[in-house]
Every structure is written in structure tokens, then in C-alpha cells.
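Novice: File final-v5.cif follows (mmCIF, C-alpha atoms):
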data_model
#
loop_
_atom_site.label_atom_id
_atom_site.label_comp_id
_atom_site.auth_asym_id
_atom_site.auth_seq_id
_atom_site.Cartn_x
_atom_site.Cartn_y
_atom_site.Cartn_z
CA MET A 138 19.48 -75.34 -86.21
CA LYS A 139 22.79 -74.26 -84.70
CA LYS A 140 21.62 -70.67 -84.43
CA ALA A 141 18.41 -71.74 -82.70
CA VAL A 142 20.39 -73.87 -80.25
CA THR A 143 22.80 -71.01 -79.61
CA VAL A 144 19.91 -68.64 -78.87
CA LEU A 145 18.25 -71.27 -76.65
CA SER A 146 21.53 -71.87 -74.84
CA ILE A 147 21.97 -68.16 -74.15
CA ILE A 148 18.40 -67.91 -72.83
CA PHE A 149 18.91 -71.06 -70.77
CA SER A 150 22.16 -69.77 -69.27
CA ALA A 151 20.54 -66.41 -68.51
CA VAL A 152 17.63 -68.14 -66.74
CA ILE A 153 20.00 -70.28 -64.68
CA VAL A 154 22.15 -67.28 -63.71
CA PHE A 155 19.07 -65.16 -62.91
CA PHE A 156 17.51 -67.78 -60.63
CA SER A 157 20.87 -68.61 -59.04
CA ILE A 158 21.05 -65.00 -57.91
CA PHE A 159 17.39 -64.17 -57.30
CA GLY A 160 15.69 -67.56 -56.71
CA GLU A 161 15.91 -67.44 -52.93
CA ARG A 162 14.97 -63.76 -52.77
CA LEU A 163 11.96 -64.41 -55.01
CA TYR A 164 10.83 -67.27 -52.77
CA TYR A 165 10.84 -65.10 -49.66
CA SER A 166 9.44 -61.97 -51.28
CA THR A 167 6.49 -63.59 -53.10
CA LYS A 168 5.06 -65.24 -49.98
CA PRO A 169 3.28 -63.63 -47.03
CA LYS A 170 5.48 -63.28 -43.97
CA VAL A 171 3.89 -64.55 -40.78
CA GLU A 172 4.64 -64.54 -37.08
CA LEU A 173 3.96 -67.84 -35.40
CA GLU A 174 3.18 -68.90 -31.86
CA ARG A 175 2.32 -72.16 -30.16
CA PRO A 176 -0.86 -71.41 -28.17
CA LEU A 177 -1.32 -72.52 -24.57
CA ARG A 178 -4.09 -75.03 -23.90
CA ILE A 179 -6.43 -74.31 -21.00
CA ASP A 180 -9.23 -76.79 -20.30
CA GLY A 181 -9.40 -77.91 -23.93
CA ALA A 182 -9.49 -74.33 -25.24
CA LEU A 183 -6.58 -72.43 -26.75
CA LEU A 184 -5.19 -69.21 -25.35
CA ALA A 185 -4.28 -67.13 -28.38
CA PRO A 186 -3.56 -63.43 -29.02
CA GLU A 187 -6.52 -61.46 -30.38
CA SER A 188 -4.55 -60.86 -33.57
CA ALA A 189 -4.55 -64.62 -34.22
CA VAL A 190 -8.32 -64.68 -34.63
CA PHE A 191 -9.37 -63.87 -38.20
CA HIS A 192 -12.89 -63.06 -39.28
CA ASP A 193 -14.33 -63.85 -42.70
CA ALA A 194 -17.69 -64.65 -44.26
CA GLY A 195 -17.71 -68.11 -42.65
CA GLY A 196 -17.16 -66.74 -39.14
CA SER A 197 -14.09 -66.68 -36.90
CA CYS A 198 -11.06 -68.82 -37.50
CA ILE A 199 -7.43 -69.26 -36.62
CA VAL A 200 -4.74 -70.15 -39.16
CA CYS A 201 -2.56 -73.08 -38.31
CA VAL A 202 0.73 -73.67 -40.12
CA GLU A 203 1.85 -77.14 -41.14
CA SER A 204 5.46 -77.65 -42.04
CA GLU A 205 7.12 -80.23 -44.24
CA GLN A 206 10.75 -80.54 -45.24
CA GLY A 207 11.11 -79.32 -48.83
CA PHE A 208 14.05 -79.64 -51.19
CA SER A 209 15.52 -76.28 -50.21
CA VAL A 210 13.68 -75.06 -47.13
CA GLU A 211 11.03 -76.11 -44.66
CA ILE A 212 7.77 -75.43 -46.48
CA LEU A 213 5.04 -73.84 -44.35
CA THR A 214 1.45 -74.28 -45.52
CA THR A 215 -1.54 -72.61 -43.89
CA ARG A 216 -4.72 -74.39 -42.75
CA LYS A 217 -7.78 -72.47 -41.61
CA ILE A 218 -9.49 -73.84 -38.52
CA ARG A 219 -13.02 -72.68 -37.73
CA LEU A 220 -13.74 -71.71 -34.16
CA ALA A 221 -16.73 -72.92 -32.10
CA TRP A 222 -16.46 -69.90 -29.80
CA VAL A 223 -14.22 -67.01 -28.80
CA ARG A 224 -14.19 -65.72 -25.19
CA PRO A 225 -12.10 -63.09 -23.45
CA ASP A 226 -9.39 -64.48 -21.20
CA SER A 227 -10.88 -64.65 -17.72
CA THR A 228 -7.59 -65.33 -15.94
CA GLY A 229 -6.37 -61.80 -16.50
CA TYR A 230 -2.78 -62.98 -16.78
CA TYR A 231 -2.43 -62.40 -20.49
CA GLU A 232 -3.36 -58.99 -21.83
CA GLY A 233 -4.73 -58.98 -25.37
CA TYR A 234 -5.35 -62.73 -25.37
CA VAL A 235 -8.60 -64.62 -25.89
CA LEU A 236 -9.72 -68.19 -25.30
CA VAL A 237 -10.80 -69.95 -28.46
CA GLN A 238 -12.31 -73.37 -29.09
CA PRO A 239 -11.19 -74.73 -32.47
CA GLN A 240 -13.38 -77.29 -34.25
CA THR A 241 -10.29 -79.38 -35.02
CA ASP A 242 -7.00 -79.42 -33.16
CA PRO A 243 -4.21 -77.38 -34.78
CA THR A 244 -1.29 -79.64 -35.72
CA GLY A 245 1.31 -76.87 -35.60
CA PRO A 246 1.86 -73.28 -34.49
CA ILE A 247 -0.75 -70.66 -35.32
CA VAL A 248 -0.35 -67.37 -37.17
CA ILE A 249 -0.51 -64.36 -34.88
CA ASN A 250 0.43 -61.76 -37.48
CA SER A 251 0.64 -61.68 -41.25
CA THR A 252 1.80 -59.17 -43.83
CA ARG A 253 -1.03 -60.19 -46.17
CA PRO A 254 -4.53 -61.70 -45.83
CA LEU A 255 -4.28 -65.49 -45.67
CA ARG A 256 -6.28 -68.31 -47.17
CA GLY A 257 -6.12 -72.02 -46.53
CA GLY A 258 -3.48 -74.06 -48.36
CA GLN A 259 -1.27 -71.04 -48.94
CA ARG A 260 2.49 -71.15 -48.58
CA VAL A 261 3.95 -68.68 -46.13
CA VAL A 262 7.36 -67.82 -44.72
CA GLU A 263 8.22 -67.10 -41.12
CA GLY A 264 9.68 -63.72 -40.41
CA MET Z 207 15.75 -104.21 -106.94
CA LYS Z 208 12.50 -104.82 -105.12
CA LYS Z 209 14.29 -106.93 -102.55
CA ALA Z 210 16.85 -104.20 -101.92
CA ARG Z 211 14.08 -101.67 -101.41
CA LYS Z 212 12.31 -104.02 -99.00
CA ILE Z 213 15.50 -104.47 -96.99
CA LEU Z 214 16.01 -100.71 -96.89
CA THR Z 215 12.43 -100.15 -95.71
CA LEU Z 216 12.81 -102.85 -93.07
CA ARG Z 217 16.05 -101.25 -91.89
CA LEU Z 218 14.39 -97.85 -91.69
CA VAL Z 219 11.45 -99.27 -89.76
CA ILE Z 220 13.72 -101.03 -87.25
CA LEU Z 221 15.95 -97.97 -86.84
CA GLY Z 222 12.91 -95.71 -86.56
CA PHE Z 223 11.43 -97.99 -83.93
CA PHE Z 224 14.60 -97.85 -81.81
CA ALA Z 225 14.94 -94.11 -82.36
CA VAL Z 226 11.41 -93.60 -81.03
CA ILE Z 227 12.09 -95.89 -78.05
CA PHE Z 228 15.20 -93.87 -77.19
CA ALA Z 229 13.49 -90.52 -77.74
CA ILE Z 230 10.27 -91.25 -75.82
CA PRO Z 231 11.66 -90.69 -72.28
CA VAL Z 232 13.31 -87.42 -73.32
CA ILE Z 233 10.24 -86.09 -75.13
CA THR Z 234 7.85 -87.24 -72.38
CA THR Z 235 9.98 -85.52 -69.73
CA ALA Z 236 10.05 -82.28 -71.71
CA ILE Z 237 6.30 -82.35 -72.42
CA LYS Z 238 5.32 -83.23 -68.85
CA SER Z 239 7.48 -80.38 -67.56
CA LEU Z 240 5.02 -77.99 -69.19
CA SER Z 241 2.15 -78.93 -66.90
CA PHE Z 242 1.74 -78.24 -63.22
CA GLU Z 243 -1.19 -79.56 -61.19
CA GLY Z 244 -3.17 -80.15 -64.37
CA LYS Z 245 -2.55 -76.69 -65.82
CA ILE Z 246 -0.38 -76.08 -68.85
CA GLY Z 247 2.35 -73.45 -68.52
CA LEU Z 248 5.75 -72.80 -67.12
CA LYS Z 249 4.64 -72.96 -63.47
CA GLN Z 250 6.65 -76.13 -62.90
CA TYR Z 251 9.84 -74.27 -63.85
CA TRP Z 252 8.89 -71.39 -61.56
CA GLU Z 253 8.34 -73.85 -58.70
CA LEU Z 254 11.62 -75.54 -59.55
CA PHE Z 255 13.72 -72.40 -59.51
CA VAL Z 256 11.90 -70.45 -56.79
CA THR Z 257 10.42 -72.89 -54.26
CA ASN Z 258 13.34 -75.28 -54.77
CA PHE Z 259 15.88 -72.52 -55.20
CA THR Z 260 18.89 -74.64 -54.20
CA TYR Z 261 18.40 -76.55 -57.47
CA SER Z 262 20.47 -73.93 -59.27
CA ASP Z 263 23.26 -74.37 -56.68
CA PHE Z 264 23.45 -78.07 -57.51
CA PHE Z 265 23.30 -77.24 -61.20
CA ARG Z 266 26.26 -74.90 -60.68
CA ASN Z 267 28.11 -77.68 -58.85
CA SER Z 268 27.55 -80.00 -61.81
CA VAL Z 269 28.75 -77.39 -64.30
CA PHE Z 270 31.84 -76.75 -62.18
CA TYR Z 271 32.74 -80.44 -61.83
CA ALA Z 272 32.05 -81.30 -65.45
CA ALA Z 273 33.97 -78.29 -66.79
CA ALA Z 274 36.93 -78.71 -64.42
CA ILE Z 275 37.21 -82.44 -65.04
CA THR Z 276 36.95 -81.97 -68.82
CA VAL Z 277 39.53 -79.20 -69.08
CA ILE Z 278 42.11 -80.66 -66.68
CA SER Z 279 41.64 -84.19 -67.96
CA VAL Z 280 42.25 -83.11 -71.56
CA VAL Z 281 45.25 -80.99 -70.57
CA ILE Z 282 46.80 -83.91 -68.66
CA SER Z 283 45.95 -86.51 -71.30
CA LEU Z 284 47.35 -84.54 -74.25
CA PRO Z 285 51.08 -84.97 -73.42
CA LEU Z 286 50.47 -88.54 -72.24
CA GLY Z 287 48.72 -89.40 -75.49
CA PHE Z 288 51.61 -87.83 -77.42
CA LEU Z 289 54.08 -89.82 -75.34
CA PHE Z 290 52.41 -93.14 -76.11
CA ALA Z 291 51.80 -92.31 -79.75
CA LYS Z 292 54.99 -90.64 -80.93
CA ILE Z 293 57.85 -91.03 -78.51
CA ARG Z 294 59.77 -94.26 -78.54
CA PHE Z 295 61.20 -95.43 -75.24
CA LYS Z 296 61.85 -98.70 -73.50
CA GLY Z 297 58.76 -100.20 -71.88
CA ARG Z 298 56.35 -97.92 -73.72
CA ASP Z 299 54.08 -100.72 -74.83
CA SER Z 300 54.09 -102.39 -71.41
CA LEU Z 301 53.21 -99.08 -69.79
CA PHE Z 302 50.45 -98.54 -72.30
CA PHE Z 303 49.18 -102.04 -71.57
CA VAL Z 304 48.89 -101.07 -67.90
CA PHE Z 305 46.90 -98.00 -69.00
CA ILE Z 306 44.50 -100.13 -70.97
CA LEU Z 307 44.17 -102.48 -68.03
CA VAL Z 308 43.26 -99.58 -65.73
CA MET Z 309 40.76 -98.37 -68.29
CA LEU Z 310 39.09 -101.77 -68.38
CA LEU Z 311 38.63 -101.83 -64.62
CA PRO Z 312 35.11 -100.81 -63.62
CA PHE Z 313 34.76 -97.74 -61.42
CA GLN Z 314 33.61 -99.91 -58.51
CA ALA Z 315 36.91 -101.82 -58.54
CA THR Z 316 38.94 -98.68 -57.87
CA LEU Z 317 36.39 -97.18 -55.51
CA LEU Z 318 37.92 -98.45 -52.28
CA PRO Z 319 41.55 -97.52 -53.08
CA ASN Z 320 40.34 -94.10 -54.20
CA TYR Z 321 38.30 -93.71 -51.03
CA ILE Z 322 41.26 -94.65 -48.80
CA ARG Z 323 43.59 -92.31 -50.69
CA LEU Z 324 41.16 -89.41 -50.42
CA ARG Z 325 40.56 -90.12 -46.72
CA ASP Z 326 44.31 -90.16 -46.03
CA PHE Z 327 44.73 -86.83 -47.80
CA LYS Z 328 41.71 -85.51 -45.84
CA LEU Z 329 39.93 -84.69 -49.09
CA LEU Z 330 36.68 -86.58 -48.48
CA ASN Z 331 33.55 -84.41 -48.55
CA THR Z 332 35.35 -81.68 -50.49
CA PRO Z 333 34.90 -80.71 -54.17
CA LEU Z 334 38.37 -82.14 -54.85
CA ALA Z 335 37.10 -85.60 -53.88
CA LEU Z 336 34.64 -85.44 -56.75
CA THR Z 337 37.07 -84.07 -59.31
CA LEU Z 338 40.49 -85.61 -58.64
CA PRO Z 339 39.66 -89.29 -59.28
CA MET Z 340 38.08 -88.46 -62.63
CA ILE Z 341 40.78 -86.08 -63.81
CA PHE Z 342 43.26 -88.86 -64.54
CA SER Z 343 41.38 -90.63 -67.29
CA PRO Z 344 43.06 -93.60 -69.00
CA PHE Z 345 40.24 -93.51 -71.55
CA ALA Z 346 41.20 -89.97 -72.62
CA VAL Z 347 44.86 -90.97 -72.93
CA PHE Z 348 43.95 -94.02 -74.98
CA LEU Z 349 41.69 -92.03 -77.29
CA LEU Z 350 44.22 -89.25 -77.81
CA ARG Z 351 46.94 -91.80 -78.52
CA GLN Z 352 44.77 -93.32 -81.22
CA PHE Z 353 44.12 -89.87 -82.71
CA MET Z 354 47.80 -88.87 -82.58
CA LYS Z 355 49.02 -92.10 -84.10
CA SER Z 356 47.40 -91.03 -87.36
CA ILE Z 357 49.55 -87.86 -87.54
CA PRO Z 358 52.49 -88.47 -89.91
CA ASP Z 359 55.93 -88.43 -88.25
CA ASP Z 360 57.25 -86.28 -91.12
CA LEU Z 361 55.03 -83.41 -90.03
CA ILE Z 362 56.61 -83.43 -86.58
CA ASP Z 363 60.08 -83.72 -88.12
CA PHE Z 364 59.43 -80.69 -90.35
CA THR Z 365 58.26 -78.67 -87.37
CA LEU Z 366 61.35 -79.71 -85.44
CA LEU Z 367 63.47 -78.22 -88.23
CA GLU Z 368 61.79 -74.86 -87.61
CA THR Z 369 61.87 -74.90 -83.83
CA SER Z 370 63.46 -76.84 -81.04
CA SER Z 371 60.66 -76.02 -78.60
CA VAL Z 372 58.53 -79.02 -77.64
CA PHE Z 373 55.58 -76.75 -76.87
CA LYS Z 374 55.77 -75.06 -80.28
CA THR Z 375 55.99 -78.44 -82.00
CA PHE Z 376 52.99 -79.58 -80.06
CA ARG Z 377 51.11 -76.33 -80.72
CA TYR Z 378 51.76 -76.18 -84.48
CA ALA Z 379 52.15 -79.82 -85.55
CA ILE Z 380 49.88 -81.78 -83.24
CA LEU Z 381 47.04 -79.62 -81.96
CA PRO Z 382 45.68 -78.45 -85.35
CA GLN Z 383 45.51 -82.09 -86.48
CA ILE Z 384 43.45 -83.29 -83.54
CA LYS Z 385 41.04 -80.37 -83.14
CA SER Z 386 37.94 -82.38 -83.94
CA ALA Z 387 39.19 -85.24 -81.79
CA LEU Z 388 39.64 -82.86 -78.88
CA VAL Z 389 36.07 -81.60 -79.24
CA SER Z 390 34.73 -85.17 -79.30
CA LEU Z 391 36.81 -86.21 -76.34
CA SER Z 392 35.76 -83.13 -74.37
CA ILE Z 393 32.09 -83.87 -75.03
CA LEU Z 394 32.51 -87.50 -73.97
CA ILE Z 395 34.33 -86.57 -70.76
CA PHE Z 396 31.84 -83.78 -70.05
CA CYS Z 397 28.92 -86.21 -70.40
CA GLU Z 398 30.61 -88.79 -68.21
CA SER Z 399 31.33 -86.34 -65.42
CA TRP Z 400 27.94 -84.63 -65.79
CA ASN Z 401 26.29 -87.97 -65.03
CA MET Z 402 28.49 -89.05 -62.10
CA VAL Z 403 26.49 -90.56 -59.26
CA ASP Z 404 28.31 -93.37 -57.42
CA GLN Z 405 31.49 -91.39 -56.93
CA ALA Z 406 29.65 -88.36 -55.55
CA LEU Z 407 27.55 -90.49 -53.21
CA ILE Z 408 30.56 -92.31 -51.78
CA PHE Z 409 33.13 -89.52 -51.63
CA SER Z 410 30.81 -86.89 -50.23
CA MET Z 411 28.58 -88.74 -47.80
CA GLU Z 412 28.65 -86.04 -45.15
CA ASN Z 413 28.45 -82.93 -47.27
CA ASP Z 414 25.23 -82.58 -49.26
CA LYS Z 415 25.99 -79.06 -50.41
CA ILE Z 416 28.77 -80.01 -52.79
CA LEU Z 417 26.87 -82.82 -54.51
CA PRO Z 418 26.22 -82.55 -58.25
CA LEU Z 419 22.74 -82.33 -59.69
CA SER Z 420 22.86 -85.92 -60.96
CA VAL Z 421 22.69 -87.11 -57.34
CA MET Z 422 20.15 -84.58 -56.14
CA LEU Z 423 17.65 -85.13 -58.96
CA SER Z 424 16.00 -87.99 -57.09
CA GLU Z 425 15.51 -85.74 -54.05
CA LEU Z 426 13.37 -83.25 -55.99
CA PRO Z 427 9.68 -83.06 -55.05
CA GLU Z 428 7.50 -85.05 -57.41
CA ASN Z 429 5.64 -82.01 -58.76
CA VAL Z 430 8.81 -80.48 -60.24
CA ARG Z 431 10.70 -83.61 -61.21
CA TYR Z 432 10.00 -83.29 -64.95
CA ALA Z 433 11.17 -79.68 -65.08
CA GLY Z 434 14.25 -80.69 -63.08
CA GLY Z 435 14.96 -83.52 -65.51
CA THR Z 436 14.52 -81.30 -68.56
CA VAL Z 437 16.89 -78.65 -67.23
CA TYR Z 438 19.36 -81.38 -66.32
CA MET Z 439 19.28 -82.85 -69.84
CA PHE Z 440 19.52 -79.54 -71.64
CA PRO Z 441 23.32 -78.90 -71.51
CA ILE Z 442 24.11 -82.36 -72.86
CA ILE Z 443 21.57 -82.12 -75.68
CA MET Z 444 22.79 -78.61 -76.45
CA LEU Z 445 26.40 -79.78 -76.63
CA PHE Z 446 25.47 -82.65 -78.88
CA VAL Z 447 23.46 -80.51 -81.28
CA MET Z 448 26.15 -77.82 -81.43
CA PHE Z 449 29.05 -80.18 -82.02
CA ARG Z 450 27.24 -83.05 -83.74
CA GLU Z 451 29.11 -82.64 -87.02
CA THR Z 452 32.53 -82.50 -85.36
CA LEU Z 453 31.64 -85.47 -83.21
CA GLU Z 454 30.52 -87.55 -86.17
CA GLU Z 455 33.50 -86.45 -88.26
CA SER Z 456 36.04 -87.53 -85.69
CA MET Z 457 34.21 -90.78 -84.99
CA GLU Z 458 34.28 -91.59 -88.69
CA ALA Z 459 37.84 -90.39 -89.27
CA TYR Z 460 39.28 -92.43 -86.44
CA LYS Z 461 36.93 -95.37 -86.94
CA LEU Z 462 35.61 -95.29 -83.37
#
Show me the file's structure as C-alpha cells.
Specialist:
Amino acid sequence: MKKAVTVLSIIFSAVIVFFSIFGERLYYSTKPKVELERPLRIDGALLAPESAVFHDAGGSCIVCVESEQGFSVEILTTRKIRLAWVRPDSTGYYEGYVLVQPQTDPTGPIVINSTRPLRGGQRVVEG
Amino acid sequence: MKKARKILTLRLVILGFFAVIFAIPVITTAIKSLSFEGKIGLKQYWELFVTNFTYSDFFRNSVFYAAAITVISVVISLPLGFLFAKIRFKGRDSLFFVFILVMLLPFQATLLPNYIRLRDFKLLNTPLALTLPMIFSPFAVFLLRQFMKSIPDDLIDFTLLETSSVFKTFRYAILPQIKSALVSLSILIFCESWNMVDQALIFSMENDKILPLSVMLSELPENVRYAGGTVYMFPIIMLFVMFRETLEESMEAYKL
């Protein structure tokens, strides 16, 4: 019994030490890094960079990020929002931007760049 | 004969019942920590240590406080216990009575004076605020006095014939006799400081980072609370299992 507890204690201590050193690094390295931007609203449509519009089997979408205060950091979770239409920016003021009409209003900033393909409900980190 | 057996069975049933009642929360916590969002595995621990990575910082705080308080408290209480047990001087019993009185006071009664003292020394919201008040433990002094009282005076006298050094007398005549008592006392103090909550909440209201895990457990997200609880319990259970025999021995020997 004592031997088993000793072995368990050593494993336990090793786990604690490992995660004390690498826990934060693991959190940031296992999640996709995203760049975020708050889009401008023009006549009910959103002015977003072209890179913010993603295309998948269901059509075009933008990825909105919702944040909540976690125990250690602010946790960012993605939400895909389908788009009714995508039009080029007619104002000419913003190069590389498009006007998009989301089916539901984004409740936070949108992803304009990501290191990995994103899906809805995924945790991401800003950077 | 039959009656005796019946009484024994009844005793076992009652004891077993209470043992199960006490064990259920611990076992449930450990079992529930092995599931995360309906799936069985160690994902909850991964979430605990990675998504909530500051958990290990609070764990480290707890280890630091508990270890520091235990070591310093024992070191301070040893000579005091010896003083009350073996050295005769005027007013010893009255002084010891004051010690007992302090020990009987609940923590809440000394909270305000402690708070004011720490504030005046500008120690609030520092790790010292969480360690200093617990380092001077009348309970440890009382317990050590009881242990040391059982050491025969002749043994100390014989040692004094060999050496005039107080430290050597203490080292060779006293310490070997109270080894098991020291282990028990250390475990008791460790457990007490491991579980401190009120003190940490009051003395470190403006500095969350130095709080021990016992305070931060309630702040954990619900989906990792069981893993957090299991990790929190582990050191205490481990200590108990490792030193169970010594603990029981000293409890029996000194009729505690």
C-alpha cells in the first residue's frame, strides 16, 4: 500500500510540476491563433475584410468570437454566422473589404485571419 | 455468546454505515472527475491543468503556505513545549493557562486584532499575512508539552552529565522520544493550514494571486470542479496513508 502511494505521489508531483511549467504554453499552443476585428456597420450590412469571409459546404460565413471570463484567461469561443449575401465594397474607401449581410448579428468581434481552419464552438486564442 | 456476537455485528454495521457516509463524497468526487461532458477519460484533468492553467499556481501557493506553516510552527513550538513540560519556573502554570485560553479562542475572535496588527505592519495582501498568524500555534505547544511530559526526567539528567549543551540535550534526549508525535503534529498542522479559508479571504482581499487553492476551488468552472477537488484532496489523503501507522501510534501512546 505504502509503495503504491509513494509511486502515485511521485506521479502526482510530476504532473503538477509539468503543468505548472507547461500548462499555459500548452493552452496557447493547442488552440488556433486568430486575428480579430470589429466590423463597421453600413446600412445594416457589415464591412469586413475579404479574409473574414469563409466558404464551406453550407455557403459563405463569417466567424464571430464570443468571450467569457474563465478561471485563468478570457475564453474565446467561435460561432459561425451564415451570410445572406456578399457584395464588393462600393464606397471604394476600403481596399480588400466586402459588404456582408449576416443572418444573425455577431455579438463580438469577427475573425479576419486564423492559423487553422475553424469550426463553430471551437476555442481560439488571440494573437 | 450469541448476544456478544450480535452486539459486535451491530457495532460493525453502525461503523460501516458511518464509514460509507464519510467516504461517499470523496469517492463520488474522484469518480466524477473521470468524466467530461458525458465521456469517460482524463479530459477533465486536461481541462483543469491546461484551460485553467493558473490552478497549479494556486496549488503551489497552498503547498508553500502549508509547508512553511508546518515547519516553522513545529520549530517554534518545540522549545516552548519543552519549556512548559520540563523547566520549572515561577508562573509557568499561569503562563500555560494563558496558552490554553488562547487555544480555546475561535479563529474569528482573534481575526480583528490580527487584521489590525498585519495592517499596521503593512503585511496585508502579502504571503506573510497568510502564514504569520498561523505560525504561532498554541495547539502545537500544548500537544508537544503533553508529549514531552511523558519523557522521564532521568533521561535528560543523564544526557546533561554527558554534555552541557542545551541543543545536544534536546537533540539526543528529547527529539528521538517524540519522533512519532512530531509526525502526527506536522500532519495535523499541515491539514489545518491546507484547508485555511477565512484567514486567506480576510487578509488578502486585494491580492487574488497569493490565495491558496482552498479559497479558489469555488471559483473553478463547473465542468472541472470534480478534478479540481480530487487534486486538492490528494496530498492530504497521501499524507494520511503514508503516515497512518505513526499517526495512530502516537494517538494511542499519548491517549489523544
Novice: What does the PyMOL selection byres ((chain Z) within 12 of (chain A)) select in this file, as a compact mmCIF listing (two decimals) with C-alpha atoms, keeping the file's coordinate frame?
Specialist:
# COMPACT_ATOMS: atom_id res chain seq x y z
CA TYR Z 251 9.84 -74.27 -63.85
CA TRP Z 252 8.89 -71.39 -61.56
CA GLU Z 253 8.34 -73.85 -58.70
CA LEU Z 254 11.62 -75.54 -59.55
CA PHE Z 255 13.72 -72.40 -59.51
CA VAL Z 256 11.90 -70.45 -56.79
CA THR Z 257 10.42 -72.89 -54.26
CA ASN Z 258 13.34 -75.28 -54.77
CA PHE Z 259 15.88 -72.52 -55.20
CA THR Z 260 18.89 -74.64 -54.20
CA TYR Z 261 18.40 -76.55 -57.47
CA SER Z 262 20.47 -73.93 -59.27
CA ASP Z 263 23.26 -74.37 -56.68
CA PHE Z 264 23.45 -78.07 -57.51
CA PHE Z 265 23.30 -77.24 -61.20
CA ARG Z 266 26.26 -74.90 -60.68
CA ASN Z 267 28.11 -77.68 -58.85
CA VAL Z 269 28.75 -77.39 -64.30
CA ASP Z 414 25.23 -82.58 -49.26
CA LYS Z 415 25.99 -79.06 -50.41
CA MET Z 422 20.15 -84.58 -56.14
CA LEU Z 423 17.65 -85.13 -58.96
CA SER Z 424 16.00 -87.99 -57.09
CA GLU Z 425 15.51 -85.74 -54.05
CA LEU Z 426 13.37 -83.25 -55.99
CA PRO Z 427 9.68 -83.06 -55.05
CA GLU Z 428 7.50 -85.05 -57.41
CA ASN Z 429 5.64 -82.01 -58.76
CA VAL Z 430 8.81 -80.48 -60.24
CA ARG Z 431 10.70 -83.61 -61.21
CA GLY Z 434 14.25 -80.69 -63.08
CA THR Z 436 14.52 -81.30 -68.56
CA VAL Z 437 16.89 -78.65 -67.23
CA TYR Z 438 19.36 -81.38 -66.32
CA MET Z 439 19.28 -82.85 -69.84
CA PHE Z 440 19.52 -79.54 -71.64
CA PRO Z 441 23.32 -78.90 -71.51
CA ILE Z 442 24.11 -82.36 -72.86
CA ILE Z 443 21.57 -82.12 -75.68
CA MET Z 444 22.79 -78.61 -76.45
CA LEU Z 445 26.40 -79.78 -76.63
CA PHE Z 446 25.47 -82.65 -78.88
CA VAL Z 447 23.46 -80.51 -81.28
CA MET Z 448 26.15 -77.82 -81.43
CA PHE Z 449 29.05 -80.18 -82.02
CA ARG Z 450 27.24 -83.05 -83.74
CA GLU Z 451 29.11 -82.64 -87.02
Novice: Calculate how many Å separate atom CA of Z:Phe409 from atom CA of Z:Ala315, rounding to one decimal.
Specialist: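 Computing it gives 14.6 Å between the two atoms.
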Novice: Which residues would end up in the selection if the PyMOL selection byres ((chain Z and resi 403) around 12) were applied here, given that I need the answer as an NGL selection string?
Specialist: :Z and (268 or 313-314 or 336 or 398-402 or 404-411 or 417-424)
Novice: Find the residues with any atom within 8 Å of (0.1, -71.7, -48.1); use all atoms listed in the file and the coordinates as given in the file, and write the answer as a ChimeraX atom specification.
Specialist: /A:213-216,255-261
Novice: Quick one, how far is atom CA of Z:Leu301 from atom CA of Z:Ser283?
Specialist: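 Atom-to-atom, atom CA of Z:Leu301 and atom CA of Z:Ser283 are spaced 14.6 Å apart.
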Novice: What separation in Å, quoted to one decimal, exists between atom CA of Z:Pro358 and atom CA of Z:Phe290?
Specialist: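 Distance reported for this atom pair: 14.6 Å.
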Novice: Residues around (38.2, -83.2, -83.5), cut-off 9 Å, counting only C-alpha atoms - what are they as a VMD selection string?
Specialist: chain Z and resid 353 383 to 391 452 to 453 455 to 457
Novice: Find the residue from A:Ile249, A:Ile148, A:Leu173, A:Ala221 that sits nearest to A:Phe191; use all atoms listed in the file when measuring.
Specialist: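 The answer is A:Ile249, which sits nearest to A:Phe191.
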Novice: Pick the closest to A:Thr228 from A:Pro246, A:Leu184, A:Gly264, A:Gly195: which is it, counting all atoms listed in the file?
Specialist: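 So, comparing all the options, the nearest one is A:Leu184.
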Novice: If you apply the PyMOL selection byres ((chain A and resi 220) around 8) to this file, what residues do you get, as number ranges by chain?
Specialist: A: 196-199, 218-219, 221-223, 237-240
Novice: If you take every atom of stretch 248-254 of chain Z that the file lists and fit an axis-aligned box around them with 8 Å extra on each side, what centre and edge lengths come out in Å to one decimal, as JSON?
Specialist:
{"center_x": 8.1, "center_y": -73.8, "center_z": -62.9, "size_x": 23.0, "size_y": 20.7, "size_z": 24.4}
Novice: Within 12 Å of Z:Ile293, counting all atoms listed in the file, which residues show up once you throw out same-chain ones fewer than 4 positions away? Write them as a ChimeraX atom specification, please.
Specialist: /Z:285-289,297-299,351,354-355,359,362
